[in-house]
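S.K.: The structure file data_36.txt (compact mmCIF, C-alpha atoms) is provided below.
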```
# COMPACT_ATOMS: atom_id res chain seq x y z
CA MET A 7 -7.11 13.47 12.98
CA LYS A 8 -7.86 10.59 15.33
CA PRO A 9 -10.75 8.21 14.68
CA ALA A 10 -13.77 8.54 16.94
CA PRO A 11 -14.33 5.57 19.28
CA PHE A 12 -15.90 2.42 17.87
CA ASP A 13 -16.52 -1.17 18.87
CA TYR A 14 -14.31 -3.70 17.17
CA HIS A 15 -14.76 -7.30 16.06
CA ALA A 16 -12.45 -9.54 14.08
CA PRO A 17 -14.48 -12.67 13.26
CA GLU A 18 -12.63 -15.92 12.57
CA THR A 19 -14.77 -17.19 9.70
CA LEU A 20 -16.86 -15.85 6.84
CA ASP A 21 -20.04 -17.35 8.31
CA GLU A 22 -19.31 -15.73 11.64
CA ALA A 23 -18.69 -12.39 9.93
CA VAL A 24 -21.97 -12.53 7.98
CA GLY A 25 -23.84 -13.58 11.13
CA LEU A 26 -22.30 -10.72 13.08
CA LEU A 27 -23.18 -8.16 10.39
CA ALA A 28 -26.75 -9.50 10.27
CA ARG A 29 -27.07 -9.20 14.04
CA LEU A 30 -25.68 -5.65 14.03
CA GLU A 31 -28.09 -4.73 11.22
CA HIS A 32 -30.98 -6.20 13.23
CA GLU A 33 -29.92 -4.18 16.27
CA GLY A 34 -29.84 -1.06 14.14
CA ARG A 35 -26.17 -0.45 14.75
CA ASP A 36 -24.06 1.37 12.20
CA ALA A 37 -21.39 -1.15 11.31
CA LYS A 38 -18.63 -0.80 8.75
CA ILE A 39 -16.39 -3.47 7.30
CA ILE A 40 -12.64 -2.84 7.33
CA ALA A 41 -10.43 -4.85 4.97
CA GLY A 42 -7.07 -3.23 4.20
CA GLY A 43 -8.36 0.08 5.52
CA GLN A 44 -6.44 2.24 3.06
CA SER A 45 -9.57 4.18 2.07
CA LEU A 46 -11.51 3.80 5.30
CA MET A 47 -8.74 4.83 7.70
CA PRO A 48 -8.39 8.37 6.26
CA MET A 49 -12.18 8.71 6.45
CA LEU A 50 -12.13 7.58 10.09
CA ALA A 51 -9.22 9.91 10.86
CA MET A 52 -11.04 12.88 9.35
CA ARG A 53 -14.28 11.63 10.94
CA ILE A 54 -16.05 11.65 7.60
CA ALA A 55 -16.95 8.11 8.63
CA ARG A 56 -17.97 7.49 12.26
CA PRO A 57 -19.25 3.93 12.44
CA GLU A 58 -20.33 2.55 15.82
CA VAL A 59 -18.80 -0.82 15.04
CA LEU A 60 -15.89 -1.91 12.88
CA VAL A 61 -15.90 -5.49 11.58
CA ASP A 62 -12.36 -6.42 10.57
CA LEU A 63 -11.96 -9.14 7.94
CA ARG A 64 -8.24 -9.64 8.60
CA ARG A 65 -8.65 -13.16 9.97
CA LEU A 66 -10.44 -14.40 6.84
CA ARG A 67 -7.29 -15.81 5.29
CA THR A 68 -9.41 -18.02 3.03
CA LEU A 69 -10.21 -14.85 1.04
CA ASP A 70 -6.54 -14.33 0.14
CA TYR A 71 -5.83 -16.10 -3.17
CA ILE A 72 -5.29 -15.63 -6.88
CA ARG A 73 -6.15 -18.60 -9.06
CA GLU A 74 -7.13 -19.57 -12.55
CA ASP A 75 -10.73 -20.73 -12.65
CA GLY A 76 -11.77 -21.90 -16.11
CA THR A 77 -12.12 -18.82 -18.31
CA HIS A 78 -11.60 -16.48 -15.35
CA VAL A 79 -8.94 -15.38 -12.93
CA ALA A 80 -10.47 -15.47 -9.45
CA ILE A 81 -9.04 -13.15 -6.80
CA GLY A 82 -10.06 -13.40 -3.17
CA ALA A 83 -11.37 -10.09 -1.87
CA MET A 84 -8.76 -9.92 0.93
CA THR A 85 -5.81 -10.37 -1.45
CA SER A 86 -3.54 -7.35 -1.28
CA LYS A 87 -3.29 -5.14 -4.34
CA GLN A 88 0.47 -5.60 -4.34
CA ALA A 89 -0.03 -9.39 -4.52
CA ALA A 90 -2.14 -8.77 -7.64
CA ALA A 91 0.52 -6.41 -9.02
CA ASP A 92 3.22 -9.05 -8.38
CA SER A 93 1.16 -11.91 -9.85
CA ALA A 94 2.49 -13.35 -13.10
CA LEU A 95 -0.92 -14.96 -13.63
CA VAL A 96 -2.78 -11.64 -13.38
CA ARG A 97 -0.26 -9.93 -15.64
CA ALA A 98 -0.52 -12.66 -18.28
CA ARG A 99 -4.26 -13.31 -18.18
CA GLN A 100 -5.65 -9.86 -17.49
CA PRO A 101 -3.12 -7.16 -18.42
CA LEU A 102 -5.60 -4.26 -18.16
CA PHE A 103 -6.48 -5.18 -14.58
CA HIS A 104 -2.77 -5.53 -13.86
CA ALA A 105 -1.98 -2.09 -15.29
CA ALA A 106 -4.85 -0.57 -13.31
CA THR A 107 -3.53 -2.13 -10.11
CA GLU A 108 -0.13 -0.53 -10.58
CA LEU A 109 -1.84 2.87 -10.80
CA VAL A 110 -3.41 2.52 -7.34
CA GLY A 111 -1.55 4.60 -4.74
CA HIS A 112 2.00 3.53 -3.97
CA ILE A 113 3.49 0.21 -2.88
CA GLN A 114 3.19 1.34 0.76
CA ILE A 115 -0.61 1.54 0.17
CA ARG A 116 -0.95 -1.49 -2.13
CA ASN A 117 0.75 -3.75 0.41
CA ARG A 118 -2.23 -3.34 2.73
CA GLY A 119 -5.06 -2.23 0.46
CA SER A 120 -7.23 -5.16 -0.55
CA VAL A 121 -8.42 -5.96 -4.07
CA GLY A 122 -12.01 -6.26 -2.84
CA GLY A 123 -11.94 -3.00 -0.91
CA SER A 124 -11.78 -0.74 -3.94
CA PHE A 125 -14.86 -2.40 -5.44
CA ALA A 126 -16.86 -2.30 -2.21
CA ASN A 127 -15.80 1.29 -1.47
CA ALA A 128 -16.81 2.42 -5.00
CA ASP A 129 -14.88 5.67 -4.97
CA PRO A 130 -15.71 7.34 -8.29
CA ALA A 131 -12.03 8.18 -8.84
CA SER A 132 -10.91 4.59 -8.29
CA GLU A 133 -9.59 2.60 -11.25
CA TYR A 134 -11.16 -0.77 -10.43
CA PRO A 135 -14.86 0.14 -10.76
CA ALA A 136 -14.27 1.48 -14.29
CA ILE A 137 -12.20 -1.58 -15.18
CA ALA A 138 -15.06 -3.71 -13.88
CA LEU A 139 -17.43 -2.15 -16.43
CA VAL A 140 -14.98 -2.54 -19.30
CA LEU A 141 -14.16 -6.17 -18.51
CA ASP A 142 -17.53 -7.39 -17.19
CA ILE A 143 -15.93 -8.37 -13.90
CA GLU A 144 -18.17 -10.51 -11.71
CA LEU A 145 -18.37 -9.70 -8.02
CA VAL A 146 -19.18 -12.52 -5.65
CA ALA A 147 -20.79 -11.70 -2.32
CA GLN A 148 -21.73 -13.76 0.70
CA GLY A 149 -24.75 -12.68 2.71
CA ARG A 150 -27.59 -14.02 4.80
CA GLY A 151 -29.19 -15.51 1.69
CA GLY A 152 -25.97 -17.33 0.76
CA ARG A 153 -23.56 -16.68 -2.07
CA ARG A 154 -24.45 -14.66 -5.14
CA SER A 155 -22.70 -13.26 -8.17
CA ILE A 156 -23.29 -9.65 -9.23
CA ALA A 157 -22.46 -8.23 -12.66
CA ALA A 158 -20.37 -5.07 -12.58
CA LYS A 159 -23.11 -3.07 -14.35
CA ASP A 160 -25.51 -3.88 -11.48
CA PHE A 161 -22.98 -3.30 -8.71
CA PHE A 162 -22.14 0.43 -8.71
CA LEU A 163 -25.30 2.35 -7.85
CA SER A 164 -24.12 5.86 -7.00
CA LEU A 165 -21.34 7.76 -5.22
CA MET A 166 -19.61 5.21 -2.96
CA THR A 167 -22.75 3.09 -2.98
CA THR A 168 -22.99 -0.46 -4.25
CA SER A 169 -25.69 -3.11 -4.36
CA LEU A 170 -24.06 -4.88 -1.38
CA GLY A 171 -26.45 -5.02 1.58
CA PRO A 172 -25.49 -4.27 5.20
CA SER A 173 -24.69 -7.91 5.94
CA ASP A 174 -23.10 -8.77 2.59
CA ILE A 175 -19.37 -9.36 2.30
CA LEU A 176 -17.62 -9.17 -1.05
CA THR A 177 -15.63 -12.41 -1.21
CA GLU A 178 -14.27 -12.75 -4.73
CA VAL A 179 -13.55 -10.72 -7.83
CA ARG A 180 -13.74 -12.72 -11.08
CA LEU A 181 -11.82 -11.37 -14.05
CA PRO A 182 -12.62 -12.76 -17.52
CA ALA A 183 -9.33 -13.75 -19.13
CA HIS A 184 -8.06 -11.32 -21.75
CA PRO A 185 -8.23 -12.61 -25.35
CA GLY A 186 -4.64 -12.37 -26.59
CA ALA A 187 -5.27 -10.12 -29.60
CA ARG A 188 -7.60 -7.68 -27.85
CA ARG A 189 -6.27 -4.14 -27.47
CA TRP A 190 -6.35 -2.46 -24.09
CA GLY A 191 -5.40 0.88 -22.60
CA ILE A 192 -5.70 2.88 -19.41
CA GLN A 193 -4.80 6.53 -18.92
CA GLU A 194 -5.39 8.80 -15.98
CA PHE A 195 -4.46 12.27 -14.84
CA ALA A 196 -3.46 12.99 -11.23
CA ARG A 197 -1.53 15.95 -9.88
CA ARG A 198 1.02 13.58 -8.39
CA ARG A 199 1.71 9.94 -9.15
CA GLY A 200 -0.37 7.78 -6.85
CA ASP A 201 -2.99 10.41 -6.05
CA LEU A 202 -6.61 9.75 -6.87
CA ALA A 203 -7.16 10.61 -10.52
CA LEU A 204 -8.99 13.80 -11.48
CA ALA A 205 -10.19 11.73 -14.43
CA GLY A 206 -9.23 8.53 -16.17
CA VAL A 207 -10.25 6.26 -19.01
CA ALA A 208 -9.95 2.50 -19.44
CA LEU A 209 -10.83 0.67 -22.62
CA THR A 210 -10.54 -2.39 -24.80
CA TYR A 211 -11.25 -3.05 -28.47
CA ASP A 212 -10.62 -5.69 -31.10
CA LEU A 213 -8.97 -5.22 -34.46
CA ASP A 214 -10.64 -6.74 -37.51
CA GLY A 215 -7.85 -6.24 -40.02
CA SER A 216 -7.17 -2.56 -39.38
CA ARG A 217 -10.72 -1.79 -38.21
CA CYS A 218 -11.88 -1.29 -34.64
CA ARG A 219 -14.60 -3.58 -33.29
CA ASN A 220 -16.37 -4.17 -29.98
CA ALA A 221 -14.93 -1.16 -28.19
CA ARG A 222 -15.69 -0.84 -24.50
CA ILE A 223 -14.77 2.45 -22.88
CA ALA A 224 -15.34 3.61 -19.31
CA ALA A 225 -14.38 6.81 -17.51
CA PHE A 226 -13.55 7.15 -13.83
CA GLY A 227 -13.19 10.24 -11.68
CA ALA A 228 -15.52 12.06 -14.04
CA GLU A 229 -19.01 11.31 -12.70
CA PRO A 230 -20.27 10.03 -9.32
CA THR A 231 -19.99 6.45 -10.62
CA PRO A 232 -17.80 4.95 -13.33
CA VAL A 233 -19.57 5.33 -16.68
CA ARG A 234 -19.52 3.49 -19.99
CA LEU A 235 -19.13 5.92 -22.88
CA GLY A 236 -21.38 4.26 -25.47
CA ALA A 237 -21.29 7.14 -27.93
CA ALA A 238 -17.51 6.89 -28.22
CA GLU A 239 -17.72 3.11 -28.55
CA LYS A 240 -20.15 3.53 -31.50
CA VAL A 241 -17.82 6.00 -33.20
CA LEU A 242 -15.08 3.38 -33.25
CA GLU A 243 -17.12 0.49 -34.65
CA GLY A 244 -15.79 -0.43 -38.08
CA LYS A 245 -13.50 2.59 -38.37
CA PRO A 246 -9.77 2.29 -39.15
CA ALA A 247 -7.52 2.28 -36.08
CA GLN A 248 -5.76 5.56 -36.76
CA ALA A 249 -5.19 8.94 -35.16
CA ALA A 250 -8.20 10.67 -36.77
CA THR A 251 -10.56 7.96 -35.49
CA PHE A 252 -9.07 8.12 -32.01
CA GLU A 253 -9.52 11.89 -31.91
CA GLU A 254 -13.12 11.62 -33.07
CA ALA A 255 -13.77 9.01 -30.36
CA GLY A 256 -12.16 11.30 -27.77
CA ARG A 257 -14.56 14.10 -28.69
CA ALA A 258 -17.51 11.70 -28.54
CA ALA A 259 -16.34 10.43 -25.13
CA ALA A 260 -16.22 13.96 -23.72
CA ALA A 261 -19.65 14.75 -25.14
CA ALA A 262 -21.07 11.52 -23.71
CA LEU A 263 -20.47 12.60 -20.10
CA GLU A 264 -23.83 13.61 -18.67
CA ASP A 265 -22.90 15.58 -15.60
CA PRO A 266 -19.17 15.69 -14.82
CA MET A 267 -18.23 16.41 -11.22
CA SER A 268 -17.01 19.87 -10.33
CA ASP A 269 -15.05 20.40 -7.13
CA ILE A 270 -11.98 22.01 -5.63
CA HIS A 271 -9.73 19.63 -7.59
CA ALA A 272 -11.10 20.21 -11.09
CA SER A 273 -14.06 21.86 -12.79
CA ALA A 274 -16.58 19.93 -14.87
CA ALA A 275 -15.10 21.46 -18.02
CA GLN A 276 -11.60 20.32 -17.05
CA ARG A 277 -12.84 16.79 -16.44
CA ARG A 278 -14.59 16.74 -19.81
CA ASP A 279 -11.37 17.92 -21.48
CA LEU A 280 -9.36 15.29 -19.65
CA VAL A 281 -11.71 12.51 -20.73
CA ARG A 282 -11.37 13.62 -24.36
CA THR A 283 -7.57 13.66 -24.25
CA LEU A 284 -7.20 10.52 -22.17
CA THR A 285 -9.57 8.55 -24.43
CA THR A 286 -7.58 9.50 -27.51
CA ARG A 287 -4.31 8.64 -25.78
CA ALA A 288 -5.54 5.32 -24.43
CA LEU A 289 -6.80 4.29 -27.87
CA ALA A 290 -3.47 5.20 -29.47
CA ASP A 291 -1.50 3.54 -26.70
CA ALA A 292 -3.56 0.37 -27.14
CA ALA A 293 -2.93 0.38 -30.89
CA ALA A 294 0.81 0.87 -30.47
CA ARG A 295 1.36 -1.82 -27.85
CA ALA A 296 3.23 -4.80 -29.24
CA HIS A 297 1.51 -8.18 -28.97
CA MET B 18 -18.88 0.81 24.65
CA THR B 19 -15.53 0.47 23.00
CA SER B 20 -13.86 -2.15 25.11
CA LYS B 21 -10.11 -2.41 24.99
CA GLN B 22 -8.58 -5.25 23.05
CA ARG B 23 -5.62 -7.32 24.15
CA ILE B 24 -3.00 -7.43 21.42
CA GLU B 25 0.34 -9.09 21.06
CA VAL B 26 2.74 -7.42 18.64
CA THR B 27 6.39 -8.14 17.98
CA VAL B 28 8.28 -4.91 17.32
CA ASN B 29 11.93 -5.04 16.28
CA GLY B 30 12.14 -8.57 17.66
CA THR B 31 10.59 -7.81 21.07
CA ARG B 32 7.14 -9.16 21.93
CA HIS B 33 4.74 -6.67 23.51
CA VAL B 34 1.35 -7.41 25.04
CA ARG B 35 -0.94 -4.43 25.59
CA GLU B 36 -4.60 -3.58 26.10
CA VAL B 37 -5.47 -0.90 23.55
CA GLU B 38 -8.47 1.05 22.36
CA PRO B 39 -9.60 -0.25 18.94
CA ARG B 40 -9.24 3.24 17.45
CA LEU B 41 -5.54 3.52 18.33
CA THR B 42 -3.42 3.67 15.19
CA LEU B 43 -0.25 1.62 14.90
CA ALA B 44 1.70 4.91 14.72
CA ASP B 45 0.31 6.09 18.05
CA PHE B 46 0.76 2.62 19.54
CA LEU B 47 4.45 2.66 18.62
CA ARG B 48 5.01 6.22 19.85
CA HIS B 49 2.79 6.44 22.93
CA GLU B 50 2.58 2.86 24.20
CA LEU B 51 6.05 1.59 23.28
CA HIS B 52 7.80 4.99 23.35
CA LEU B 53 9.45 4.37 20.00
CA GLY B 54 9.59 7.92 18.69
CA GLY B 55 11.48 7.11 15.51
CA THR B 56 8.25 6.57 13.62
CA HIS B 57 7.08 10.11 12.90
CA VAL B 58 3.53 11.28 12.31
CA GLY B 59 2.77 13.90 9.69
CA CYS B 60 -0.51 14.09 7.81
CA GLU B 61 -2.27 11.21 9.60
CA HIS B 62 -4.23 10.27 6.49
CA GLY B 63 -1.80 8.32 4.38
CA ILE B 64 -0.36 10.98 2.09
CA CYS B 65 3.04 12.00 3.51
CA GLY B 66 4.62 8.61 4.27
CA VAL B 67 6.67 9.69 7.31
CA CYS B 68 5.00 7.00 9.46
CA THR B 69 6.00 4.16 7.10
CA VAL B 70 7.02 0.97 8.92
CA LEU B 71 7.34 -2.67 7.92
CA ILE B 72 4.50 -5.02 8.83
CA GLU B 73 5.48 -8.63 8.15
CA GLY B 74 8.37 -7.21 6.13
CA ARG B 75 6.16 -5.07 3.87
CA THR B 76 5.93 -1.29 3.99
CA ALA B 77 2.75 0.17 5.40
CA ARG B 78 1.48 3.50 6.64
CA SER B 79 1.28 3.08 10.40
CA CYS B 80 -1.30 5.92 10.48
CA LEU B 81 -3.56 3.91 8.15
CA THR B 82 -3.30 0.78 10.24
CA LEU B 83 -4.99 0.16 13.57
CA ALA B 84 -2.88 -1.38 16.31
CA VAL B 85 -5.55 -4.07 16.73
CA GLN B 86 -5.04 -5.06 13.09
CA CYS B 87 -1.44 -5.92 13.98
CA ASP B 88 -2.32 -8.46 16.65
CA GLY B 89 0.10 -11.33 16.08
CA ALA B 90 2.13 -9.39 13.53
CA ASP B 91 5.82 -8.66 13.25
CA VAL B 92 6.57 -4.94 12.93
CA THR B 93 9.88 -3.27 12.12
CA THR B 94 10.46 0.43 12.79
CA VAL B 95 13.45 2.64 12.06
CA GLU B 96 14.80 1.75 15.53
CA GLY B 97 15.07 -1.84 14.29
CA LEU B 98 17.47 -1.03 11.46
CA ARG B 99 20.63 -0.76 13.57
CA ASP B 100 22.79 -3.83 13.91
CA PRO B 101 21.59 -5.36 17.20
CA GLU B 102 25.09 -6.63 18.04
CA THR B 103 27.28 -3.65 17.24
CA GLY B 104 24.72 -0.84 17.26
CA ALA B 105 26.09 0.28 13.88
CA LEU B 106 23.74 2.10 11.56
CA HIS B 107 22.18 0.04 8.78
CA PRO B 108 24.05 0.38 5.44
CA ILE B 109 21.04 2.28 4.06
CA GLN B 110 21.21 4.74 6.98
CA GLN B 111 24.96 5.12 6.43
CA ALA B 112 24.35 5.81 2.74
CA PHE B 113 21.80 8.51 3.64
CA VAL B 114 24.43 10.11 5.91
CA ALA B 115 27.18 9.90 3.29
CA GLY B 116 24.90 11.04 0.46
CA HIS B 117 23.28 13.92 2.40
CA GLY B 118 19.94 12.18 1.94
CA LEU B 119 18.40 14.26 4.71
CA GLN B 120 18.25 17.79 5.97
CA CYS B 121 15.81 18.27 8.86
CA GLY B 122 15.34 14.52 9.16
CA PHE B 123 11.60 14.55 9.84
CA CYS B 124 10.69 12.47 6.78
CA THR B 125 13.81 10.28 6.93
CA PRO B 126 12.42 7.28 8.86
CA GLY B 127 9.73 6.83 6.20
CA PHE B 128 12.22 7.09 3.34
CA LEU B 129 14.50 4.57 5.06
CA MET B 130 11.75 2.01 5.55
CA SER B 131 10.58 2.40 1.94
CA THR B 132 14.18 1.94 0.79
CA VAL B 133 14.61 -1.22 2.89
CA GLU B 134 11.71 -2.85 1.04
CA LEU B 135 12.76 -1.50 -2.35
CA LEU B 136 16.30 -2.87 -2.13
CA ARG B 137 15.07 -6.20 -0.83
CA ARG B 138 12.65 -6.56 -3.75
CA THR B 139 14.94 -4.96 -6.34
CA PRO B 140 18.60 -4.95 -5.22
CA GLN B 141 19.74 -2.88 -8.22
CA PRO B 142 16.80 -0.63 -9.08
CA SER B 143 16.71 1.72 -12.03
CA GLU B 144 16.26 5.43 -11.38
CA GLU B 145 12.63 5.10 -12.48
CA GLU B 146 12.05 2.23 -10.05
CA ILE B 147 13.51 4.27 -7.20
CA LYS B 148 11.35 7.28 -8.09
CA GLU B 149 8.26 5.09 -8.25
CA VAL B 150 8.82 3.90 -4.67
CA LEU B 151 10.05 7.21 -3.23
CA GLY B 152 6.91 8.80 -4.70
CA GLY B 153 5.14 7.38 -1.66
CA ASN B 154 7.11 9.64 0.70
CA LEU B 155 7.18 13.42 0.88
CA CYS B 156 10.20 15.57 1.80
CA ARG B 157 10.02 19.32 2.18
CA CYS B 158 13.76 20.13 2.30
CA THR B 159 16.04 18.08 0.11
CA GLY B 160 14.46 18.43 -3.30
CA TYR B 161 14.76 14.62 -3.45
CA LYS B 162 17.94 14.54 -5.55
CA HIS B 163 20.16 13.63 -2.62
CA ILE B 164 17.67 11.07 -1.38
CA LEU B 165 17.63 9.41 -4.79
CA GLU B 166 21.43 9.41 -4.86
CA SER B 167 21.59 8.01 -1.33
CA VAL B 168 19.37 5.10 -2.38
CA GLN B 169 21.63 4.48 -5.37
CA LEU B 170 24.67 4.60 -3.08
CA ALA B 171 23.01 2.16 -0.67
CA ALA B 172 22.26 -0.21 -3.56
CA ARG B 173 25.91 -0.14 -4.65
CA ARG B 174 27.21 -0.64 -1.11
CA LEU B 175 24.85 -3.51 -0.38
CA GLU B 176 25.87 -5.21 -3.62
CA THR B 177 29.58 -4.99 -2.82
CA PRO B 178 29.96 -3.91 0.81
CA GLN B 179 33.27 -2.03 0.30
CA ALA B 180 32.17 -0.05 -2.75
CA GLY B 181 30.66 3.41 -3.01
```
Translate the structure described by the file into structure tokens.
M.R.:
Amino acid sequence: MKPAPFDYHAPETLDEAVGLLARLEHEGRDAKIIAGGQSLMPMLAMRIARPEVLVDLRRLRTLDYIREDGTHVAIGAMTSKQAAADSALVRARQPLFHAATELVGHIQIRNRGSVGGSFANADPASEYPAIALVLDIELVAQGRGGRRSIAAKDFFLSLMTTSLGPSDILTEVRLPAHPGARRWGIQEFARRRGDLALAGVALTYDLDGSRCRNARIAAFGAEPTPVRLGAAEKVLEGKPAQAATFEEAGRAAAAALEDPMSDIHASAAQRRDLVRTLTTRALADAAARAH
Amino acid sequence: MTSKQRIEVTVNGTRHVREVEPRLTLADFLRHELHLGGTHVGCEHGICGVCTVLIEGRTARSCLTLAVQCDGADVTTVEGLRDPETGALHPIQQAFVAGHGLQCGFCTPGFLMSTVELLRRTPQPSEEEIKEVLGGNLCRCTGYKHILESVQLAARRLETPQAG
């Protein structure tokens, strides 16, 4: 349970960090970025990850901020999750992201875990990647070719794999502000509070009178990447926001999963069942929440 | 080649300069380099919480933090809770003694450090708020009830030092 040896660098600036990663890539060295380290450190300890070089972003203090930016809330990738959980701005402007943040680990983890890390790590059981699909979060990366913005739907490629290249650094997470009347919900199931979820569901929808519109539903912990559940979204369109609708959408959500994961923690059938129940609960919870 | 890194860390108010391997965790740095054995090591992958310390006043798993990441940082361990003048136990430690908030004591340093942050952020926490924070620490003996009550006792005593 001790990490294998590695070389270590803690660059002072973003440009220096990108340059260093590019050089390491050119030299064919297996480099890994460490931000808060709350996902990477267990992998190093168990030697699931054995990078030759660790590039620590801790000195990049310019990536630690939360600010309003037009129609978005911009969060620097090195901002701690607890800072996001404690932010009145995040809570007010993007309540679903705020609720998801409070579900990540425990305060002892959130104090060090970075906001950007959970996106770049792309653990299928992580809340943020699913939230990114529901909210159309934009991910800003800095690489050799300069700065670019990546849509969430183009970011998560497969199990713990994103479209970030070896010398790209995720610098900012851009959350579209939440329209006040929009409904939102997030539900997950974990054996203990703070554990990675066996399955979870995050969603938003609008109410047109008493009818559901524009539903966006994503599951996490169910498949190797977070997935939008389009079939369940279609079921909701134009239907009255009531228990029967929510149950029908739950069944459609479960059926929409293509190939749920099956492992020591839960079978595929259990995950499908969880997605059905959690979808129904999240829809009802969203409807009941006072505005 | 994994060359050693020179780090400067302030632990419980004392500045330490050491050359360490990059892979050394903060927990092992505290225990093996500084010989501060109060920070215990359990699971070594962030689940059990016994290695919890304060980094810049915020709780952190010292097994999920590299010593090199703490270069320039201020760290507080359970050894830093005593009153430096009188040597008296911290009011939270005293409340754990009075409330039987420990049995074997292995997990206790982690619970204490989590409680220090909790009561600083939320001096009078609800039972739910206490449970939320203590959920980050595992205990195999007490059944948690006495730990919860010890935290409540500490909160009362810190509010009005003679009470409880």
S.K.: B:Ser167, B:Thr177, B:Ser131, B:Thr56: which is nearest chain A, counting all atoms listed in the file?
M.R.: B:Ser131
S.K.: Pick out the residues sitting within 8 Å of segment 258-264 of chain A, and hand them over as a list in words; count only C-alpha atoms, and ignore anything fewer than 3 positions along from it in its own chain.
M.R.: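 After dropping sequence-adjacent residues, the list is Ala228, Glu229, Leu235, Gly236, Ala237, Ala238, Val241, Glu254, Ala255, Arg278, Asp279, Val281, Arg282 and Thr285 of chain A.
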S.K.: Those residues you just picked out, can you put them in a file as a PDB file, in the coordinates of the input with C-alpha atoms?
M.R.:
```pdb
ATOM      1  CA  ALA A 228     -15.520  12.060 -14.040  1.00  0.00           C
ATOM      2  CA  GLU A 229     -19.010  11.310 -12.700  1.00  0.00           C
ATOM      3  CA  LEU A 235     -19.130   5.920 -22.880  1.00  0.00           C
ATOM      4  CA  GLY A 236     -21.380   4.260 -25.470  1.00  0.00           C
ATOM      5  CA  ALA A 237     -21.290   7.140 -27.930  1.00  0.00           C
ATOM      6  CA  ALA A 238     -17.510   6.890 -28.220  1.00  0.00           C
ATOM      7  CA  VAL A 241     -17.820   6.000 -33.200  1.00  0.00           C
ATOM      8  CA  GLU A 254     -13.120  11.620 -33.070  1.00  0.00           C
ATOM      9  CA  ALA A 255     -13.770   9.010 -30.360  1.00  0.00           C
ATOM     10  CA  ARG A 278     -14.590  16.740 -19.810  1.00  0.00           C
ATOM     11  CA  ASP A 279     -11.370  17.920 -21.480  1.00  0.00           C
ATOM     12  CA  VAL A 281     -11.710  12.510 -20.730  1.00  0.00           C
ATOM     13  CA  ARG A 282     -11.370  13.620 -24.360  1.00  0.00           C
ATOM     14  CA  THR A 285      -9.570   8.550 -24.430  1.00  0.00           C
TER      15      THR A 285
END
```
S.K.: Using all atoms listed in the file, give me every residue within 12 Å of (4.2, -8.3, 8.4) in file coordinates, as a list in words.
M.R.: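 The distance filter leaves exactly Asn117 and Arg118 of chain A; Val26, Thr27, Val28, Asn29, Val70, Leu71, Ile72, Glu73, Gly74, Arg75, Thr76, Ala77, Ser79, Thr82, Gln86, Cys87, Asp88, Gly89, Ala90, Asp91, Val92, Thr93, Thr94 and Glu134 of chain B.
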S.K.: Select, from B:Leu43, B:Val168, B:Val85, B:Val34, the residue with the minimum atom-to-atom distance to Ser20 of chain B, counting all atoms listed in the file.
M.R.: B:Val85
S.K.: Just the residues within 8 Å of Ala157 of chain A, please, counting all atoms listed in the file, with nothing from its chain fewer than 3 positions along; format it as a list of chain:residue names.
M.R.: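 Listing them by chain and then by number gives A:Asp142, A:Ile143, A:Glu144, A:Leu145, A:Asp160, A:Phe161.
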S.K.: Counting all atoms listed in the file, collect the residues of chain A whose closest atom lies at most 6 Å from chain B, and write them out as a PyMOL selection string.
M.R.: chain A and resi 9+11-13+47-48+112+114
S.K.: Counting all atoms listed in the file, which residues of segment 159-193 of chain A sit at most 8 Å from some atom of segment 86-106 of chain A, and what is each one's closest atom pair with its distance in Å to one decimal, listed by chain and rising residue number, as a tab-separated table?
M.R.:
```
residue	atom	partner	partner_atom	distance
A:Leu181	CA	A:Gln100	CA	7.2
A:Pro182	CA	A:Gln100	CA	7.5
A:Ala183	CA	A:Arg99	CA	5.2
A:His184	CA	A:Gln100	CA	5.1
A:Trp190	CA	A:Leu102	CA	6.2
A:Gly191	CA	A:Leu102	CA	6.8
A:Ile192	CA	A:Ala106	CA	7.1
```
S.K.: Can you list, as an MDAnalysis selection string, every protein, DNA or RNA residue that comes within 12 Å of Gly160 of chain B when you count only C-alpha atoms, leaving out same-chain residues fewer than 6 positions away?
M.R.: chainID B and resid 117:120 166
S.K.: Could you pull the residues within 9 Å of segment 107-112 of chain B, counting only C-alpha atoms, minus those fewer than 3 positions along the same chain, as JSON, numbers by chain?
M.R.: {"B": [98, 99, 100, 104, 115, 116, 117, 118, 129, 132, 133, 166, 167, 168, 169, 170, 171, 172, 174, 175, 178, 181]}
S.K.: Quick one, how far is atom CA of Arg150 of chain A from atom CA of Phe162 of chain A?
M.R.: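 Taking atom CA of Arg150 of chain A as the start and atom CA of Phe162 of chain A as the end point, the length is 20.5 Å.
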S.K.: Between B:Ile24, B:Cys124, B:Ala105, B:Leu165, which has the minimum distance to His57 of chain B (counting all atoms listed in the file)?
M.R.: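 For His57 of chain B, the nearest of the given residues is B:Cys124.
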S.K.: Rounded to one decimal, what separation in Å do you get between atom CA of Arg56 of chain A and atom CA of Ala44 of chain B?
M.R.: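 Distance reported for this atom pair: 20.0 Å.
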S.K.: Padding 6 Å on every side, please: axis-aligned box over the listed atoms of segment 170-182 of chain A, centre and edge lengths to one decimal in Å, as AutoDock Vina command-line options.
M.R.:
```
--center_x -19.1 --center_y -8.5 --center_z -5.8 --size_x 26.6 --size_y 20.5 --size_z 35.5
```
S.K.: May I ask for the distance between atom CA of Arg29 of chain A and atom CA of Val37 of chain B, given in Å to one decimal place?
M.R.: 25.0 Å
